[in-house]
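First up is the structure itself, then whatever we jot down about it.
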Amino acid sequence: MKNYTKIFNAQIITPFGLLKEGTLIIADGKIAEISAHNIAVEGALEINANGNYVSPGFIDMHVHGGGGHDFMDNTLDAFLAIANTHAKYGTTALMPTTLSCEKEDLLATLDIYEQALAVSHLGADFVGIHIEGPYFAMSQKGAQDPRYIRNPDPAEYQEVLAASKHIKRWSAAPELPGTIAFGKFLQQHHVLAAIAHTDAIYEEVVEAYKVGFTHATHFYSCMSGVSRRNAFRYAGAIESAYLLDGMTVEIIVDGVHLPAPLLKLIYKIKGAENTALITDAMRGAGMPEGKSILGSLKDGLAVIIEDGVAKLPDRTAFAGSVATTDRLVRNMIKLAEVPLLDAVKMASATPAKILNIQETKGELVKDKDADIVIFDDDINIKTTIVKGNVVYTKDEIKI
């Protein structure tokens, strides 16, 4: 016998537009029906949305931590706590992200990920590992620990990829010696390659794009723009991402990393279909301001959380954000003046497409996973549902 959940009195955000006063039916973790009418379903758990929006759940394809934990703490408790923390803010699926580190620490993170997949938890779904680093340009290291930054090492990355089938994305600087061969290897293993922490010029990005580097990690952050070499000007990685129509980008819309004019420019040129919203959140997400640590508790970098962002102690650079996905959507609407449906798309359907999980996630469509968020006009999260299970709800939503 199927388990049914009925969400009614809702403004449902569908790929085809907004369905007012709609009803959505969930059966055994999947979306069974969406209707403009209030359908009677015998024995269903009923959720009155009270006229709020019912949206596809938000997918965070670049997140390091939250709730006082980091994925590189390499504990099962950390993984589950992070998933639980971000679910409270509308994230229904996330991609645990590493930092530049020793190979042994990275292998340990991959092992804990396997354990986390096997444990039932009240939080966001895990959709693969994102390895960020260590193959970066030292000049664009940002808050990455310089002790671990190095050029691509075939023996190393082959061993890492052999260790886990759950690595779905790897970010690297395309101009480094060996990166083209690295990109070809990632492409052969169906891993999304992304440009990041790079001083590359246009010609170098184009060569990398040809071997699978089709995505730009935290666009604008730690990324080259127009530069001058021997009196000649060269387009950088930023201009390359704009010029390559097939290149997708992700942006940290915490209201700090990128100002409103740049958010508007990205939306105008790349569009909602090629731009994903990410938190890039470290352990300080969902926590009060003050001292914190970027990376693992064992040997991470000391940072300060203030002004809604994590900073290096000398305040020379940002050290990851403390954003949550509700804040991303809210800022795209308020700062970039993007329509609600496009802002939601950038947090759901677009990341699903980039990660190639669009067959099961990213839209409220029949037979897809029932990953659902209910929020009000100001994107305050009322209820979060992951694969049909209510993992978070506010008191005013009646269940």
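Every chain in the structure tokens has a letter given in the order shown (A, B, ...), and although residue numbers restart at 1 in each chain, ligands are simply numbered from 1 in the order shown.
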Legend entry - 12 Å contact set for Asn356 (chain A), only C-alpha atoms, chain neighbours under 2 positions out, as number ranges by chain: A: 61, 127-128, 168-169, 190-192, 349-354, 358-362
Mind dumping the selected residues with N, CA and C atoms as a short mmCIF file (atom, residue, chain, number, x, y, z; two decimals), in the first residue's frame?
data_model
loop_
_atom_site.label_atom_id
_atom_site.label_comp_id
_atom_site.auth_asym_id
_atom_site.auth_seq_id
_atom_site.Cartn_x
_atom_site.Cartn_y
_atom_site.Cartn_z
N MET A 61 25.27 22.72 -5.08
CA MET A 61 26.32 21.91 -5.70
C MET A 61 27.73 22.29 -5.27
N VAL A 127 24.40 14.03 -3.20
CA VAL A 127 24.34 13.74 -4.65
C VAL A 127 25.73 13.68 -5.28
N GLY A 128 26.73 13.27 -4.51
CA GLY A 128 28.07 13.13 -5.06
C GLY A 128 29.06 14.08 -4.42
N LYS A 168 31.81 13.23 -8.46
CA LYS A 168 31.04 13.67 -9.61
C LYS A 168 31.56 14.98 -10.21
N ARG A 169 32.49 15.62 -9.49
CA ARG A 169 32.95 16.93 -9.95
C ARG A 169 34.33 17.21 -9.36
N HIS A 190 33.50 10.29 -16.58
CA HIS A 190 32.21 10.97 -16.43
C HIS A 190 32.15 11.86 -15.19
N VAL A 191 33.26 12.54 -14.92
CA VAL A 191 33.34 13.50 -13.82
C VAL A 191 33.34 14.91 -14.40
N LEU A 192 32.48 15.76 -13.89
CA LEU A 192 32.42 17.14 -14.36
C LEU A 192 33.68 17.89 -13.97
N ALA A 349 16.48 23.57 -10.93
CA ALA A 349 16.58 22.90 -12.23
C ALA A 349 17.95 23.05 -12.87
N THR A 350 18.55 24.24 -12.75
CA THR A 350 19.86 24.46 -13.39
C THR A 350 20.97 23.63 -12.75
N PRO A 351 21.14 23.65 -11.42
CA PRO A 351 22.16 22.75 -10.85
C PRO A 351 21.89 21.28 -11.14
N ALA A 352 20.61 20.89 -11.19
CA ALA A 352 20.28 19.50 -11.51
C ALA A 352 20.78 19.15 -12.91
N LYS A 353 20.60 20.07 -13.84
CA LYS A 353 21.07 19.84 -15.21
C LYS A 353 22.58 19.79 -15.28
N ILE A 354 23.25 20.70 -14.60
CA ILE A 354 24.72 20.74 -14.61
C ILE A 354 25.29 19.44 -14.04
N GLN A 358 19.01 15.61 -13.62
CA GLN A 358 17.73 16.22 -13.95
C GLN A 358 16.61 15.20 -14.18
N GLU A 359 16.96 13.94 -14.35
CA GLU A 359 15.93 12.92 -14.53
C GLU A 359 15.15 12.67 -13.24
N THR A 360 15.75 12.97 -12.11
CA THR A 360 15.09 12.68 -10.83
C THR A 360 14.88 13.91 -9.96
N LYS A 361 15.63 15.00 -10.22
CA LYS A 361 15.57 16.16 -9.32
C LYS A 361 15.50 17.48 -10.10
N GLY A 362 15.14 18.54 -9.38
CA GLY A 362 15.23 19.88 -9.93
C GLY A 362 13.94 20.53 -10.35
#
Counting only C-alpha atoms, what are the residues of region 315-361 of chain A within 12 Å of region 295-302 of chain A, and for each of them which pair of atoms is the nearest and at what distance in Å, to one decimal? Sort the table by chain and rising number, as a tab-separated table.
residue	atom	partner	partner_atom	distance
A:Arg315	CA	A:Ala302	CA	11.5
A:Ala319	CA	A:Leu301	CA	9.0
A:Gly320	CA	A:Gly295	CA	10.1
Legend entry - Nearest to Ala272 (chain A) by atom-to-atom distance, counting only C-alpha atoms, from A:His189, A:Arg147, A:Lys345, A:Arg228: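 Of the candidates, the smallest distance to Ala272 (chain A) is held by A:Lys345.
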Inset, instruction - Please identify all polymer residues within 10 Å of Ile333 (chain A), counting only C-alpha atoms, omitting same-chain residues fewer than 6 positions from it, and present them as a list in words. - result: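 Here the answer would be Arg327, Pro339, Leu340, Leu341, Asp342, Ala343, Val344, Asp378 and Ile379 of chain A.
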Legend entry - Distance query Lys141 (chain A) at most 12 Å, only C-alpha atoms, self and fewer than 4 positions along chain excluded, as a ChimeraX atom specification: /A:99-100,132-137,145-150,172-173,196-199,221-224,317-319
The selected residues should be written to file as a compact mmCIF listing (two decimals), in the first residue's frame (atoms: C-alpha atoms).
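Everything below was put into result-v1.txt:
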# COMPACT_ATOMS: atom_id res chain seq x y z
CA LEU A 99 39.44 21.75 0.16
CA SER A 100 43.06 21.41 -0.93
CA GLU A 132 37.96 21.47 -4.95
CA GLY A 133 41.72 21.50 -5.42
CA PRO A 134 44.55 20.96 -4.85
CA TYR A 135 45.47 21.71 -8.49
CA PHE A 136 45.27 25.50 -8.35
CA ALA A 137 47.22 28.62 -9.31
CA ASP A 145 45.84 26.44 2.17
CA PRO A 146 49.06 27.06 0.17
CA ARG A 147 50.75 24.08 1.89
CA TYR A 148 48.69 21.73 -0.25
CA ILE A 149 48.45 23.49 -3.62
CA ARG A 150 50.23 21.61 -6.40
CA ALA A 172 41.14 22.81 -11.05
CA ALA A 173 43.11 25.60 -12.76
CA ALA A 196 38.66 27.39 -10.52
CA HIS A 197 41.31 29.39 -8.64
CA THR A 198 42.87 30.25 -11.98
CA ASP A 199 44.95 32.88 -13.77
CA SER A 221 35.95 34.60 -7.12
CA CYS A 222 39.67 33.71 -7.42
CA MET A 223 39.43 33.97 -11.18
CA SER A 224 41.36 36.01 -13.76
CA ALA A 317 40.27 37.90 1.42
CA PHE A 318 36.98 36.14 1.92
CA ALA A 319 37.27 32.59 3.25
Legend entry - Residue neighbourhood Glu203 (chain A), 10 Å, only C-alpha atoms, exclusion window fewer than 5 positions, as a list of chain:residue names: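 Final neighbour list, sorted by chain and number: A:Glu175, A:Ala208, A:Tyr209, A:Tyr234, A:Ala235, A:Gly236, A:Ala237, A:Ser240.
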Would you write out those residues with N, CA and C atoms, as a PDB file, in the first residue's frame?
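Listing of selection-v4.pdb after writing:
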ATOM      1  N   GLU A 175      45.313  26.180 -16.583  1.00  0.00           N
ATOM      2  CA  GLU A 175      46.596  26.574 -17.169  1.00  0.00           C
ATOM      3  C   GLU A 175      47.780  25.788 -16.627  1.00  0.00           C
ATOM      4  N   ALA A 208      41.050  23.886 -22.430  1.00  0.00           N
ATOM      5  CA  ALA A 208      40.499  23.079 -21.347  1.00  0.00           C
ATOM      6  C   ALA A 208      39.030  22.741 -21.606  1.00  0.00           C
ATOM      7  N   TYR A 209      38.308  23.681 -22.154  1.00  0.00           N
ATOM      8  CA  TYR A 209      36.886  23.463 -22.470  1.00  0.00           C
ATOM      9  C   TYR A 209      36.727  22.289 -23.437  1.00  0.00           C
ATOM     10  N   TYR A 234      44.941  40.522 -22.583  1.00  0.00           N
ATOM     11  CA  TYR A 234      44.413  39.176 -22.786  1.00  0.00           C
ATOM     12  C   TYR A 234      43.111  39.009 -22.011  1.00  0.00           C
ATOM     13  N   ALA A 235      42.158  38.358 -22.639  1.00  0.00           N
ATOM     14  CA  ALA A 235      40.924  38.014 -21.927  1.00  0.00           C
ATOM     15  C   ALA A 235      41.241  36.913 -20.928  1.00  0.00           C
ATOM     16  N   GLY A 236      40.595  36.968 -19.769  1.00  0.00           N
ATOM     17  CA  GLY A 236      40.845  35.993 -18.723  1.00  0.00           C
ATOM     18  C   GLY A 236      39.754  34.940 -18.638  1.00  0.00           C
ATOM     19  N   ALA A 237      39.733  34.222 -17.524  1.00  0.00           N
ATOM     20  CA  ALA A 237      38.759  33.157 -17.330  1.00  0.00           C
ATOM     21  C   ALA A 237      37.335  33.707 -17.265  1.00  0.00           C
ATOM     22  N   SER A 240      36.172  34.420 -20.710  1.00  0.00           N
ATOM     23  CA  SER A 240      36.035  33.139 -21.404  1.00  0.00           C
ATOM     24  C   SER A 240      34.694  32.482 -21.102  1.00  0.00           C
TER      25      SER A 240
END
Legend entry - region 48-265 of chain A: residues DSSP assigns to strand (DSSP E), reported as a PyMOL selection string: chain A and resi 48+53-56+58-63+65-66+69-70+91-96+125-126+129-132+167-172+192-195+213-216+227-229+232-234+248-252
Legend entry - Selection: 8 Å around Arg283 (chain A), only C-alpha atoms, excl. self and same-chain fewer than 2 positions, as a list of chain:residue names: A:His64, A:Gly65, A:Gly66, A:Gly67, A:Gly68, A:His69, A:Asp70, A:Ala281, A:Ala285, A:Met287, A:Ser292, A:Ile293, A:Leu294, A:Val322
DSSP says alpha helix (DSSP H) for which residues of region 182-357 of chain A? Put them as a PDB file with C-alpha atoms, in the first residue's frame?
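The file below, out-v3.pdb, is the result:
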ATOM      1  CA  PHE A 182      43.748  15.536 -16.203  1.00  0.00           C
ATOM      2  CA  GLY A 183      40.643  16.895 -17.936  1.00  0.00           C
ATOM      3  CA  LYS A 184      40.675  14.059 -20.465  1.00  0.00           C
ATOM      4  CA  PHE A 185      40.904  11.546 -17.622  1.00  0.00           C
ATOM      5  CA  LEU A 186      37.957  13.140 -15.818  1.00  0.00           C
ATOM      6  CA  GLN A 187      35.934  13.127 -19.035  1.00  0.00           C
ATOM      7  CA  GLN A 188      36.615   9.407 -19.513  1.00  0.00           C
ATOM      8  CA  TYR A 202      41.137  32.836 -22.924  1.00  0.00           C
ATOM      9  CA  GLU A 203      43.263  30.550 -25.101  1.00  0.00           C
ATOM     10  CA  GLU A 204      44.027  28.287 -22.141  1.00  0.00           C
ATOM     11  CA  VAL A 205      40.384  28.101 -21.081  1.00  0.00           C
ATOM     12  CA  VAL A 206      39.319  27.187 -24.621  1.00  0.00           C
ATOM     13  CA  GLU A 207      41.788  24.286 -24.707  1.00  0.00           C
ATOM     14  CA  ALA A 208      40.499  23.079 -21.347  1.00  0.00           C
ATOM     15  CA  TYR A 209      36.886  23.463 -22.470  1.00  0.00           C
ATOM     16  CA  LYS A 210      37.579  21.096 -25.360  1.00  0.00           C
ATOM     17  CA  ALA A 237      38.759  33.157 -17.330  1.00  0.00           C
ATOM     18  CA  ILE A 238      35.835  35.476 -16.594  1.00  0.00           C
ATOM     19  CA  GLU A 239      35.559  36.712 -20.174  1.00  0.00           C
ATOM     20  CA  SER A 240      36.035  33.139 -21.404  1.00  0.00           C
ATOM     21  CA  ALA A 241      33.026  31.911 -19.458  1.00  0.00           C
ATOM     22  CA  TYR A 242      30.921  34.637 -21.012  1.00  0.00           C
ATOM     23  CA  LEU A 243      32.165  33.916 -24.536  1.00  0.00           C
ATOM     24  CA  ALA A 260      24.273  43.646  -7.477  1.00  0.00           C
ATOM     25  CA  PRO A 261      25.639  44.992 -10.822  1.00  0.00           C
ATOM     26  CA  LEU A 262      27.681  41.810 -11.375  1.00  0.00           C
ATOM     27  CA  LEU A 263      24.725  39.612 -10.459  1.00  0.00           C
ATOM     28  CA  LYS A 264      22.660  41.460 -13.040  1.00  0.00           C
ATOM     29  CA  LEU A 265      25.409  41.127 -15.661  1.00  0.00           C
ATOM     30  CA  ILE A 266      25.752  37.383 -15.104  1.00  0.00           C
ATOM     31  CA  TYR A 267      21.999  36.904 -15.360  1.00  0.00           C
ATOM     32  CA  LYS A 268      21.825  39.059 -18.499  1.00  0.00           C
ATOM     33  CA  ILE A 269      24.603  37.195 -20.343  1.00  0.00           C
ATOM     34  CA  LYS A 270      24.498  33.608 -19.045  1.00  0.00           C
ATOM     35  CA  THR A 325      20.136  28.589  -0.052  1.00  0.00           C
ATOM     36  CA  ASP A 326      17.110  30.626   1.020  1.00  0.00           C
ATOM     37  CA  ARG A 327      19.412  33.658   1.199  1.00  0.00           C
ATOM     38  CA  LEU A 328      20.684  32.989  -2.319  1.00  0.00           C
ATOM     39  CA  VAL A 329      17.207  32.985  -3.841  1.00  0.00           C
ATOM     40  CA  ARG A 330      16.137  36.007  -1.795  1.00  0.00           C
ATOM     41  CA  ASN A 331      19.189  38.006  -2.920  1.00  0.00           C
ATOM     42  CA  MET A 332      18.740  37.153  -6.597  1.00  0.00           C
ATOM     43  CA  ILE A 333      15.229  38.571  -6.378  1.00  0.00           C
ATOM     44  CA  LYS A 334      16.046  41.641  -4.275  1.00  0.00           C
ATOM     45  CA  LEU A 340      10.974  34.533  -8.643  1.00  0.00           C
ATOM     46  CA  LEU A 341      10.600  31.636 -11.058  1.00  0.00           C
ATOM     47  CA  ASP A 342      14.040  32.251 -12.585  1.00  0.00           C
ATOM     48  CA  ALA A 343      15.666  32.619  -9.156  1.00  0.00           C
ATOM     49  CA  VAL A 344      14.155  29.284  -8.114  1.00  0.00           C
ATOM     50  CA  LYS A 345      15.291  27.695 -11.382  1.00  0.00           C
ATOM     51  CA  MET A 346      18.869  28.802 -10.682  1.00  0.00           C
ATOM     52  CA  ALA A 349      16.578  22.902 -12.234  1.00  0.00           C
ATOM     53  CA  THR A 350      19.861  24.461 -13.389  1.00  0.00           C
ATOM     54  CA  PRO A 351      22.156  22.752 -10.855  1.00  0.00           C
ATOM     55  CA  ALA A 352      20.284  19.499 -11.514  1.00  0.00           C
ATOM     56  CA  LYS A 353      21.067  19.844 -15.213  1.00  0.00           C
ATOM     57  CA  ILE A 354      24.718  20.735 -14.615  1.00  0.00           C
TER      58      ILE A 354
END
Can I get the residues of region 36-123 of chain A within 9 Å of region 380-383 of chain A, each with the closest pair of atoms and their distance in Å to one decimal, using only C-alpha atoms, sorted chain first then ascending number, as CSV?
residue,atom,partner,partner_atom,distance
A:Ala49,CA,A:Lys382,CA,8.7
A:Asn52,CA,A:Lys382,CA,8.7
A:Lys88,CA,A:Ile381,CA,7.2
A:Tyr89,CA,A:Ile381,CA,6.0
A:Gly90,CA,A:Ile381,CA,6.2
Inset, instruction - Grab the CA of Glu289 (chain A) to CA of Ile305 (chain A) distance for me, in Å with one decimal place. - result: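 Atom-to-atom, CA of Glu289 (chain A) and CA of Ile305 (chain A) are spaced 4.9 Å apart.
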Inset, instruction - Give the answer as one residue: which of A:Gly308, A:Gly212, A:Gly286, A:Gly388 has the shortest atom-to-atom distance to Lys30 (chain A), using only C-alpha atoms? - result: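 Answer, going by the shortest atom-to-atom distance: A:Gly388.
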Legend entry - Using only C-alpha atoms: which of A:Glu46, A:Asp254, A:Asp369, A:Asp73 has the shortest distance to His218 (chain A): A:Asp254
